[in-house]
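J.: So that we are looking at the same thing, I have put the structure below in structure tokens.
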Amino acid sequence: MTGKKAGSAASFVPEGADLAALRRAAASCEGCHLHAPATRTVFGAGPPDARLVLVGEQPGDAEDREGEPFVGPAGRLLDKALAETGLDRAGAYLTNAVKHFKFEERGKRRIHKSPARGEVVACLPWLEAELAQVEPDLVVCLGATAAKAVLGTSFKVTEQRGRLQHAGEQAVIATVHPSAILRAPDRDEAYRGFVADLRVVHDHLYASS
């Protein structure tokens, strides 16, 4: 590939590549400045024929260190909610809208910072390539960043969560990110709402079986 330029991952994405080749190519992506401070690219993981794709915002500290999506506290909460609603994490493909951890250092800690819109747009070609390869029956957007990446900037998770949407021909349901539950004043109430949204996901998947 030639003609790589800052500000977009597009020229780093190999045309027609399968997920394994995409993962390898993403490891050297320099499509935006977030690659420099991050430990590594955290690409998606899961079966290449998954019916369900879960899209989060970006990797966190644990994901950046381990190189896999949703392995930190939010990932553990997601696992619990998926199990409770009869959804199999092992059968889902998990990824993020942004593939590098954006953070600020406070002493020895690395504190999450939300990606800017330009950073999301720069990374979007990877997500588009993943979805084109997996061809899922349903995409679940976890949080506003993922929802706006897939459904457009006017989409509001707070108003439209748990409802079936469409991005072109792709069926999409948006809900909160599990990390938002961990920060919620009433975690139990927030968790119940999250589980309710995932039950909609379950019902849609199995209704279309």
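Simple scheme: letters A, B, ... for chains in structure tokens order, numbers from 1 for residues in each chain, numbers from 1 for ligands in the order shown.
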List the spatial neighbours of Val71 (chain A) as a PyMOL selection string - criterion: any atom at most 7 Å away, only C-alpha atoms, same-chain residues fewer than 5 positions off excluded.

T.: chain A and resi 62-63+76

J.: Okay, now the selection with C-alpha atoms, as a tab-separated table (two decimals), in the first residue's frame?

T.:
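Ended up saving to part-v8.tsv:
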chain	number	residue	atom	x	y	z
A	62	ALA	CA	-6.25	-3.20	30.51
A	63	GLU	CA	-7.05	-3.69	26.83
A	76	ARG	CA	-16.28	-8.22	33.01

J.: Could you list, as a PyMOL selection string, every residue within 10 Å of region 181-193 of chain A, counting only C-alpha atoms and ignoring same-chain residues fewer than 2 positions away?

T.: chain A and resi 73-74+77-78+81+161-162+175-179+195-199

J.: Give the strand (DSSP E or B) residues of chain A, as assigned by DSSP on the backbone, as a PyMOL selection string.

T.: chain A and resi 45+52-56+92-96+103-106+109-112+138-142+164-167+170-175

J.: Can you list, as a PyMOL selection string, every protein, DNA or RNA residue that comes within 7 Å of Phe103 (chain A) when you count only C-alpha atoms, leaving out same-chain residues fewer than 2 positions away?

T.: chain A and resi 101+105+110-113

J.: Could the residues in this selection be saved with all heavy atoms as a compact mmCIF listing (two decimals), in the first residue's frame?

T.:
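Contents of part09.txt, as written:
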# COMPACT_ATOMS: atom_id res chain seq x y z
N PHE A 101 -5.74 3.32 22.60
CA PHE A 101 -6.11 3.87 23.90
C PHE A 101 -5.69 5.33 23.98
O PHE A 101 -4.51 5.66 23.86
CB PHE A 101 -5.42 3.05 24.99
CG PHE A 101 -5.66 3.50 26.40
CD1 PHE A 101 -6.88 4.04 26.80
CD2 PHE A 101 -4.66 3.36 27.36
CE1 PHE A 101 -7.10 4.44 28.12
CE2 PHE A 101 -4.87 3.75 28.68
CZ PHE A 101 -6.10 4.28 29.05
N GLU A 105 -1.78 10.98 31.53
CA GLU A 105 -1.06 10.39 32.66
C GLU A 105 -1.25 11.24 33.91
O GLU A 105 -1.12 12.46 33.87
CB GLU A 105 0.42 10.27 32.33
CG GLU A 105 0.69 9.25 31.23
CD GLU A 105 2.17 9.08 30.94
OE1 GLU A 105 2.86 10.12 30.87
OE2 GLU A 105 2.61 7.94 30.80
N ARG A 110 -2.88 5.88 34.06
CA ARG A 110 -3.27 6.36 32.73
C ARG A 110 -4.79 6.48 32.72
O ARG A 110 -5.51 5.48 32.80
CB ARG A 110 -2.79 5.40 31.64
CG ARG A 110 -1.28 5.22 31.64
CD ARG A 110 -0.81 4.48 30.41
NE ARG A 110 -1.42 3.15 30.28
CZ ARG A 110 -1.27 2.36 29.21
NH1 ARG A 110 -0.55 2.76 28.18
NH2 ARG A 110 -1.85 1.18 29.17
N ILE A 111 -5.28 7.70 32.62
CA ILE A 111 -6.70 7.97 32.73
C ILE A 111 -7.32 8.11 31.34
O ILE A 111 -6.85 8.88 30.50
CB ILE A 111 -6.95 9.26 33.55
CG1 ILE A 111 -6.25 9.16 34.91
CG2 ILE A 111 -8.45 9.50 33.73
CD1 ILE A 111 -6.69 8.00 35.77
N HIS A 112 -8.40 7.39 31.13
CA HIS A 112 -9.12 7.40 29.85
C HIS A 112 -9.53 8.81 29.46
O HIS A 112 -10.01 9.59 30.29
CB HIS A 112 -10.35 6.50 29.98
CG HIS A 112 -11.41 6.74 28.96
ND1 HIS A 112 -12.37 7.72 29.08
CD2 HIS A 112 -11.68 6.11 27.78
CE1 HIS A 112 -13.17 7.69 28.04
NE2 HIS A 112 -12.78 6.72 27.23
N LYS A 113 -9.36 9.15 28.18
CA LYS A 113 -9.89 10.38 27.61
C LYS A 113 -10.74 9.99 26.40
O LYS A 113 -10.32 9.18 25.58
CB LYS A 113 -8.76 11.32 27.17
CG LYS A 113 -7.99 11.97 28.30
CD LYS A 113 -7.01 12.99 27.75
CE LYS A 113 -7.74 14.19 27.16
NZ LYS A 113 -6.79 15.25 26.70

J.: Using only C-alpha atoms, which of the listed residues (A:Cys29, A:Val150, A:Val98, A:Ala83) sits closest to Gly60 (chain A)?

T.: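 Answer, going by the shortest atom-to-atom distance: A:Val98.
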
J.: Could you check the closest approach to Leu94 (chain A) for each of A:Leu54, A:Ala9, A:Leu138, A:Leu82 and tell me which residue wins, using only C-alpha atoms?

T.: A:Leu54

J.: Check the DSSP output for the backbone and give back, as an MDAnalysis selection string, the residues of chain A in alpha helix (DSSP H).

T.: chainID A and resid 19:26 61:66 73:84 117:134 144:151 157:160 178:183 187:207

J.: Check the smallest atom-to-atom distance from each of A:Ala149, A:Leu142, A:Ala27, A:Val13 to Val53 (chain A) using only C-alpha atoms, then report the winner.

T.: A:Leu142

J.: Would you mind reading off the distance between CA of Arg51 (chain A) and CA of Pro136 (chain A), one decimal, in Å?

T.: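 Between these atoms lies a distance of 4.4 Å.
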
J.: Ranking A:Arg23, A:Val139, A:Arg65, A:Arg109 by minimum distance to His202 (chain A) and counting only C-alpha atoms, which one comes first?

T.: A:Val139

J.: Could you tell me which of A:Gln58, A:Thr41, A:Thr85, A:Gln133 comes closest to Val200 (chain A) if we count only C-alpha atoms?

T.: A:Thr85
